[in-house]
file coords_1.txt (compact mmCIF, C-alpha atoms)
# COMPACT_ATOMS: atom_id res chain seq x y z
CA MET E 95 0.00 0.00 0.00
CA ILE E 96 2.79 2.48 0.82
CA LYS E 97 4.45 1.73 -2.54
CA ASP E 98 1.16 2.53 -4.32
CA LEU E 99 1.00 5.89 -2.52
CA ILE E 100 4.63 6.60 -3.42
CA LYS E 101 3.87 5.86 -7.09
CA LYS E 102 0.88 8.25 -6.96
CA ASN E 103 2.95 10.89 -5.19
CA ARG E 104 4.27 12.89 -8.17
CA SER E 105 5.18 16.59 -8.37
CA VAL E 106 2.11 18.22 -9.89
CA ARG E 107 2.07 21.70 -11.41
CA GLY E 108 -1.53 21.85 -12.66
CA TYR E 109 -4.60 21.61 -10.43
CA ASP E 110 -8.38 21.28 -10.79
CA ASN E 111 -9.72 24.58 -9.47
CA SER E 112 -13.18 23.10 -8.89
CA ARG E 113 -11.82 20.83 -6.11
CA GLU E 114 -11.31 22.74 -2.88
CA VAL E 115 -8.72 21.60 -0.34
CA THR E 116 -10.46 21.83 3.01
CA ILE E 117 -9.00 23.06 6.27
CA GLU E 118 -9.66 19.59 7.71
CA GLU E 119 -7.57 17.99 4.92
CA LEU E 120 -4.73 20.45 5.52
CA ARG E 121 -4.84 19.76 9.26
CA GLU E 122 -4.74 16.00 8.58
CA MET E 123 -1.63 16.43 6.38
CA VAL E 124 0.10 18.52 9.05
CA ASP E 125 -0.88 15.98 11.71
CA CYS E 126 0.93 13.31 9.69
CA ALA E 127 4.01 15.57 9.55
CA ARG E 128 3.73 16.34 13.27
CA LEU E 129 3.72 12.62 14.12
CA SER E 130 6.77 11.91 11.93
CA ALA E 131 10.36 11.58 13.13
CA SER E 132 12.25 14.70 14.20
CA SER E 133 15.99 15.06 14.85
CA VAL E 134 16.62 14.66 18.58
CA ASN E 135 12.82 15.00 18.85
CA MET E 136 13.19 18.79 19.00
CA GLN E 137 10.22 19.40 16.65
CA PRO E 138 11.21 22.90 15.44
CA LEU E 139 8.83 22.99 12.47
CA LYS E 140 5.66 25.07 12.20
CA TYR E 141 3.19 24.97 9.32
CA ILE E 142 1.45 27.92 7.69
CA LEU E 143 -1.84 26.91 6.03
CA VAL E 144 -2.73 29.09 3.05
CA ARG E 145 -6.11 28.69 1.35
CA THR E 146 -7.64 32.15 0.92
CA GLU E 147 -7.61 33.65 -2.58
CA ASP E 148 -5.44 36.54 -1.42
CA GLY E 149 -3.02 34.26 0.43
CA LYS E 150 -2.68 31.88 -2.51
CA ALA E 151 -2.01 34.77 -4.91
CA ARG E 152 0.66 36.19 -2.60
CA VAL E 153 2.43 32.82 -2.28
CA LEU E 154 2.24 32.19 -6.04
CA GLU E 155 4.04 35.49 -6.68
CA GLN E 156 6.96 34.33 -4.52
CA ILE E 157 7.57 30.81 -5.85
CA SER E 158 8.75 29.23 -9.07
CA PHE E 159 7.46 25.98 -10.61
CA ALA E 160 9.33 23.55 -12.91
CA ALA E 161 12.79 25.03 -13.38
CA LYS E 162 13.58 22.35 -16.00
CA LEU E 163 10.62 23.53 -18.10
CA SER E 164 11.70 27.15 -18.34
CA THR E 165 9.85 27.74 -21.63
CA LEU E 166 6.51 27.01 -19.93
CA LYS E 167 4.83 29.36 -17.46
CA LEU E 168 3.47 26.93 -14.88
CA PRO E 169 0.94 26.58 -13.49
CA HIS E 170 -1.26 27.50 -16.42
CA LYS E 171 -3.95 30.12 -15.76
CA GLY E 172 -6.92 28.41 -14.13
CA ASN E 173 -4.80 25.50 -12.86
CA GLU E 174 -3.21 27.17 -9.85
CA PRO E 175 -2.82 25.33 -6.54
CA MET E 176 -5.86 25.31 -4.28
CA ALA E 177 -3.81 25.53 -1.08
CA TYR E 178 -0.29 25.70 0.26
CA ILE E 179 1.46 24.48 3.36
CA VAL E 180 4.55 26.55 4.11
CA ILE E 181 6.95 24.56 6.27
CA CYS E 182 8.86 26.90 8.57
CA GLN E 183 11.58 26.47 11.14
CA ASP E 184 10.81 28.16 14.44
CA GLU E 185 14.11 29.78 15.39
CA GLN E 186 12.91 30.19 18.97
CA ILE E 187 13.21 26.40 19.18
CA SER E 188 16.41 26.09 17.11
CA LYS E 189 18.51 28.55 15.13
CA SER E 190 20.54 25.80 13.40
CA GLU E 191 20.57 26.56 9.67
CA THR E 192 21.22 22.98 8.60
CA GLY E 193 20.44 20.86 11.64
CA PHE E 194 16.79 20.33 10.82
CA LEU E 195 16.73 20.17 7.03
CA ARG E 196 16.20 16.42 7.34
CA ASP E 197 13.09 17.15 9.38
CA VAL E 198 11.79 19.37 6.58
CA GLY E 199 12.23 16.50 4.10
CA ILE E 200 10.58 13.99 6.41
CA ALA E 201 7.66 16.35 7.09
CA ALA E 202 7.25 17.15 3.38
CA GLN E 203 7.14 13.46 2.43
CA SER E 204 4.58 12.80 5.16
CA ILE E 205 2.44 15.69 3.90
CA THR E 206 2.59 14.62 0.26
CA LEU E 207 1.85 10.97 1.05
CA ALA E 208 -1.13 12.05 3.16
CA ALA E 209 -2.27 14.22 0.24
CA ALA E 210 -2.00 11.25 -2.14
CA GLU E 211 -4.07 9.14 0.23
CA LEU E 212 -6.74 11.88 0.18
CA GLY E 213 -6.79 11.86 -3.64
CA LEU E 214 -4.83 15.09 -3.85
CA ALA E 215 -1.48 15.97 -5.38
CA ALA E 216 1.40 18.18 -4.34
CA CYS E 217 4.59 19.83 -5.48
CA LEU E 218 7.53 20.67 -3.22
CA LEU E 219 8.85 24.13 -3.97
CA GLY E 220 12.15 25.42 -2.67
CA TYR E 221 12.97 28.20 -5.11
CA PHE E 222 11.94 31.37 -3.26
CA SER E 223 13.38 34.04 -0.97
CA PRO E 224 12.62 33.01 2.63
CA GLN E 225 12.78 36.64 3.74
CA LYS E 226 10.38 37.88 1.05
CA LEU E 227 7.95 35.00 1.60
CA ALA E 228 7.97 35.57 5.37
CA GLN E 229 7.30 39.26 4.79
CA THR E 230 4.55 38.54 2.25
CA LEU E 231 2.82 36.21 4.72
CA GLY E 232 3.33 38.55 7.67
CA LEU E 233 5.23 35.93 9.66
CA SER E 234 6.91 36.70 12.95
CA GLU E 235 10.71 37.00 12.84
CA ASN E 236 11.25 33.62 14.47
CA LEU E 237 9.59 31.72 11.57
CA ARG E 238 11.89 30.99 8.61
CA PRO E 239 10.18 29.43 5.55
CA GLN E 240 12.08 26.32 4.44
CA LEU E 241 9.77 24.71 1.87
CA VAL E 242 6.41 25.38 0.21
CA VAL E 243 4.04 22.51 -0.58
CA SER E 244 1.43 23.33 -3.24
CA LEU E 245 -1.73 21.22 -3.10
CA GLY E 246 -4.83 20.36 -5.10
CA LYS E 247 -6.38 17.72 -7.32
CA SER E 248 -4.14 17.00 -10.30
CA VAL E 249 -5.20 17.69 -13.87
CA GLU E 250 -1.89 16.38 -15.24
CA ASP E 251 -0.91 13.13 -16.92
CA ILE E 252 2.38 12.20 -15.25
CA ARG E 253 4.33 9.08 -16.20
CA VAL E 254 7.40 7.55 -14.61
CA VAL E 255 9.88 6.08 -17.10
CA ASP E 256 12.93 3.95 -16.37
CA ILE E 257 16.20 5.20 -17.80
CA GLU E 258 19.51 3.54 -18.55
CA ASP E 259 22.52 4.32 -16.38
CA GLY E 260 24.00 7.62 -17.53
CA GLU E 261 20.84 8.97 -19.21
CA SER E 262 19.42 12.35 -18.18
CA THR E 263 17.14 12.54 -15.15
CA ASP E 264 15.63 15.84 -16.39
CA TYR E 265 11.84 15.68 -16.43
CA TYR E 266 10.16 16.76 -19.67
CA ARG E 267 6.82 17.13 -21.44
CA ASP E 268 5.79 15.95 -24.87
CA GLU E 269 3.76 17.96 -27.38
CA ALA E 270 0.52 16.64 -25.82
CA GLY E 271 1.56 17.97 -22.41
CA VAL E 272 2.25 14.54 -20.87
CA HIS E 273 4.83 15.00 -18.11
CA TYR E 274 7.59 12.35 -17.95
CA VAL E 275 9.68 11.67 -14.86
CA PRO E 276 12.86 9.66 -15.61
CA LYS E 277 13.89 7.31 -12.81
CA ARG E 278 17.08 5.31 -12.47
CA LYS E 279 16.50 1.55 -12.44
CA LEU E 280 16.52 -0.30 -9.11
CA ASP E 281 19.69 -2.24 -9.93
CA ASP E 282 21.45 1.03 -10.81
CA VAL E 283 20.87 2.53 -7.34
CA ILE E 284 21.63 -0.49 -5.14
CA ILE E 285 25.19 -1.27 -4.08
CA THR E 286 25.58 -4.55 -2.25
CA ARG E 287 28.56 -5.37 -0.04

call {"tool": "encode", "arguments": {"input": "coords_1.txt", "output": "structure tokens"}}
result
Amino acid sequence: MIKDLIKKNRSVRGYDNSREVTIEELREMVDCARLSASSVNMQPLKYILVRTEDGKARVLEQISFAAKLSTLKLPHKGNEPMAYIVICQDEQISKSETGFLRDVGIAAQSITLAAAELGLAACLLGYFSPQKLAQTLGLSENLRPQLVVSLGKSVEDIRVVDIEDGESTDYYRDEAGVHYVPKRKLDDVIITR
């Protein structure tokens, strides 16, 4: 079952704007992150839930989708995310700049897997100015944005394709808009001793 969720859990950049993401669904995703492992169990992460039209527009102005598809302006108009979870480090708990990056990854994976279980899709976005995003969201000085998770119901056709060792891992789209995600083969990533 977890492998099925992992296969469904693709980075999505186009969303069905008729499917709302409820506050209850966002809280469930954050609860999964909250219950996940944390380095030395310090739990320095806080989660900003963004689902108002104004809030979503302000976040969208600060982030960048699909760096490898620079000729496309994603998301397309009318396919914007329906919500965001901004994962922040609370510097009142820890000021370490690198000490809790693992926690951010663990929390993000928990959130996106919970989203997949709810029939939703996500994209992890790290290309933004933490200072500008914090200012845009009116966050207190102790909260440093680390990662943005966009959320909604996918309208995209995303396919995973195996590649040969040495081939490019760059994702791409064909002329029909199908999004391909190259993945190294299992035997190419396992080293046995």

call {"tool": "residues_around", "arguments": {"input": "coords_1.txt", "residues": "Ala216 (chain E)", "least_positions_apart": "6", "cutoff": "12 Å", "atoms": "all atoms listed in the file", "output": "MDAnalysis selection string"}}
result
chainID E and resid 102:109 115 120 123 159 174:179 202:210 242:250

call {"tool": "atom_distance", "arguments": {"input": "coords_1.txt", "atom1": "CA of Leu143 (chain E)", "atom2": "CA of Ala127 (chain E)"}}
result
13.2 Å

call {"tool": "closest_residue", "arguments": {"input": "coords_1.txt", "among": "E:Ile284, E:Gln225, E:Cys126, E:Tyr265", "to": "Cys182 (chain E)", "atoms": "all atoms listed in the file"}}
result
E:Gln225

call {"tool": "residues_around", "arguments": {"input": "coords_1.txt", "residues": "Arg152 (chain E)", "least_positions_apart": "2", "cutoff": "12 Å", "atoms": "only C-alpha atoms", "output": "ChimeraX atom specification"}}
result
/E:144-150,154-157,177-178,226-232

call {"tool": "residues_around", "arguments": {"input": "coords_1.txt", "residues": "region 136-139 of chain E", "least_positions_apart": "2", "cutoff": "9 Å", "atoms": "only C-alpha atoms", "output": "short mmCIF file (atom, residue, chain, number, x, y, z; two decimals) with C-alpha atoms, in the coordinates of the input"}}
result
data_model
loop_
_atom_site.label_atom_id
_atom_site.label_comp_id
_atom_site.auth_asym_id
_atom_site.auth_seq_id
_atom_site.Cartn_x
_atom_site.Cartn_y
_atom_site.Cartn_z
CA ARG E 128 3.73 16.34 13.27
CA ALA E 131 10.36 11.58 13.13
CA SER E 132 12.25 14.70 14.20
CA SER E 133 15.99 15.06 14.85
CA VAL E 134 16.62 14.66 18.58
CA TYR E 141 3.19 24.97 9.32
CA ILE E 181 6.95 24.56 6.27
CA CYS E 182 8.86 26.90 8.57
CA GLN E 183 11.58 26.47 11.14
CA ASP E 184 10.81 28.16 14.44
CA GLU E 185 14.11 29.78 15.39
CA GLN E 186 12.91 30.19 18.97
CA ILE E 187 13.21 26.40 19.18
CA SER E 188 16.41 26.09 17.11
CA PHE E 194 16.79 20.33 10.82
CA ASP E 197 13.09 17.15 9.38
CA VAL E 198 11.79 19.37 6.58
CA ALA E 201 7.66 16.35 7.09
CA LEU E 237 9.59 31.72 11.57
#

call {"tool": "residues_around", "arguments": {"input": "coords_1.txt", "residues": "Asp256 (chain E)", "least_positions_apart": "4", "cutoff": "6 Å", "atoms": "only C-alpha atoms", "output": "list of chain:residue names"}}
result
E:Pro276, E:Lys277, E:Arg278, E:Lys279

call {"tool": "decode", "arguments": {"input": "coords_1.txt", "residues": "region 248-268 of chain E", "atoms": "N, CA, C and O atoms", "output": "mmCIF file, in the first residue's frame"}}
result
data_model
loop_
_atom_site.group_PDB
_atom_site.id
_atom_site.type_symbol
_atom_site.label_atom_id
_atom_site.label_comp_id
_atom_site.auth_asym_id
_atom_site.auth_seq_id
_atom_site.Cartn_x
_atom_site.Cartn_y
_atom_site.Cartn_z
ATOM 1 N N SER E 248 -4.927 16.906 -9.067
ATOM 2 C CA SER E 248 -4.142 16.998 -10.300
ATOM 3 C C SER E 248 -5.018 16.969 -11.550
ATOM 4 O O SER E 248 -6.014 16.257 -11.606
ATOM 5 N N VAL E 249 -4.608 17.768 -12.537
ATOM 6 C CA VAL E 249 -5.200 17.690 -13.873
ATOM 7 C C VAL E 249 -4.156 17.193 -14.876
ATOM 8 O O VAL E 249 -4.403 17.186 -16.072
ATOM 9 N N GLU E 250 -3.006 16.764 -14.376
ATOM 10 C CA GLU E 250 -1.893 16.380 -15.242
ATOM 11 C C GLU E 250 -1.805 14.875 -15.454
ATOM 12 O O GLU E 250 -2.202 14.087 -14.597
ATOM 13 N N ASP E 251 -1.266 14.514 -16.596
ATOM 14 C CA ASP E 251 -0.915 13.130 -16.916
ATOM 15 C C ASP E 251 0.586 13.015 -16.693
ATOM 16 O O ASP E 251 1.379 13.575 -17.456
ATOM 17 N N ILE E 252 0.968 12.331 -15.614
ATOM 18 C CA ILE E 252 2.380 12.197 -15.247
ATOM 19 C C ILE E 252 2.766 10.730 -15.324
ATOM 20 O O ILE E 252 2.084 9.873 -14.763
ATOM 21 N N ARG E 253 3.879 10.466 -16.013
ATOM 22 C CA ARG E 253 4.330 9.082 -16.200
ATOM 23 C C ARG E 253 5.783 8.932 -15.783
ATOM 24 O O ARG E 253 6.637 9.729 -16.154
ATOM 25 N N VAL E 254 6.044 7.897 -15.015
ATOM 26 C CA VAL E 254 7.404 7.550 -14.608
ATOM 27 C C VAL E 254 7.981 6.622 -15.671
ATOM 28 O O VAL E 254 7.311 5.676 -16.099
ATOM 29 N N VAL E 255 9.211 6.917 -16.100
ATOM 30 C CA VAL E 255 9.880 6.078 -17.101
ATOM 31 C C VAL E 255 11.260 5.683 -16.580
ATOM 32 O O VAL E 255 11.977 6.507 -16.012
ATOM 33 N N ASP E 256 11.600 4.412 -16.746
ATOM 34 C CA ASP E 256 12.931 3.949 -16.374
ATOM 35 C C ASP E 256 13.940 4.436 -17.400
ATOM 36 O O ASP E 256 13.648 4.501 -18.600
ATOM 37 N N ILE E 257 15.131 4.769 -16.907
ATOM 38 C CA ILE E 257 16.203 5.197 -17.803
ATOM 39 C C ILE E 257 17.415 4.300 -17.615
ATOM 40 O O ILE E 257 17.574 3.651 -16.583
ATOM 41 N N GLU E 258 18.258 4.283 -18.616
ATOM 42 C CA GLU E 258 19.508 3.540 -18.551
ATOM 43 C C GLU E 258 20.520 4.351 -17.751
ATOM 44 O O GLU E 258 20.447 5.579 -17.691
ATOM 45 N N ASP E 259 21.469 3.659 -17.138
ATOM 46 C CA ASP E 259 22.517 4.316 -16.384
ATOM 47 C C ASP E 259 23.226 5.342 -17.270
ATOM 48 O O ASP E 259 23.607 5.046 -18.393
ATOM 49 N N GLY E 260 23.330 6.567 -16.777
ATOM 50 C CA GLY E 260 23.997 7.623 -17.527
ATOM 51 C C GLY E 260 23.060 8.523 -18.311
ATOM 52 O O GLY E 260 23.460 9.597 -18.762
ATOM 53 N N GLU E 261 21.798 8.118 -18.498
ATOM 54 C CA GLU E 261 20.837 8.969 -19.206
ATOM 55 C C GLU E 261 20.388 10.119 -18.302
ATOM 56 O O GLU E 261 20.482 10.042 -17.084
ATOM 57 N N SER E 262 19.857 11.160 -18.911
ATOM 58 C CA SER E 262 19.422 12.348 -18.180
ATOM 59 C C SER E 262 18.233 12.042 -17.269
ATOM 60 O O SER E 262 17.312 11.317 -17.646
ATOM 61 N N THR E 263 18.263 12.648 -16.085
ATOM 62 C CA THR E 263 17.138 12.544 -15.149
ATOM 63 C C THR E 263 16.220 13.759 -15.255
ATOM 64 O O THR E 263 15.284 13.895 -14.471
ATOM 65 N N ASP E 264 16.475 14.646 -16.217
ATOM 66 C CA ASP E 264 15.634 15.839 -16.388
ATOM 67 C C ASP E 264 14.219 15.431 -16.788
ATOM 68 O O ASP E 264 14.032 14.671 -17.746
ATOM 69 N N TYR E 265 13.229 15.934 -16.043
ATOM 70 C CA TYR E 265 11.843 15.685 -16.433
ATOM 71 C C TYR E 265 11.525 16.507 -17.671
ATOM 72 O O TYR E 265 12.200 17.495 -17.968
ATOM 73 N N TYR E 266 10.495 16.087 -18.415
ATOM 74 C CA TYR E 266 10.157 16.760 -19.675
ATOM 75 C C TYR E 266 8.694 16.522 -20.002
ATOM 76 O O TYR E 266 8.038 15.670 -19.400
ATOM 77 N N ARG E 267 8.193 17.284 -20.964
ATOM 78 C CA ARG E 267 6.819 17.131 -21.441
ATOM 79 C C ARG E 267 6.834 16.937 -22.947
ATOM 80 O O ARG E 267 7.644 17.537 -23.643
ATOM 81 N N ASP E 268 5.900 16.111 -23.417
ATOM 82 C CA ASP E 268 5.791 15.949 -24.865
ATOM 83 C C ASP E 268 4.817 16.992 -25.415
ATOM 84 O O ASP E 268 4.277 17.821 -24.675
#
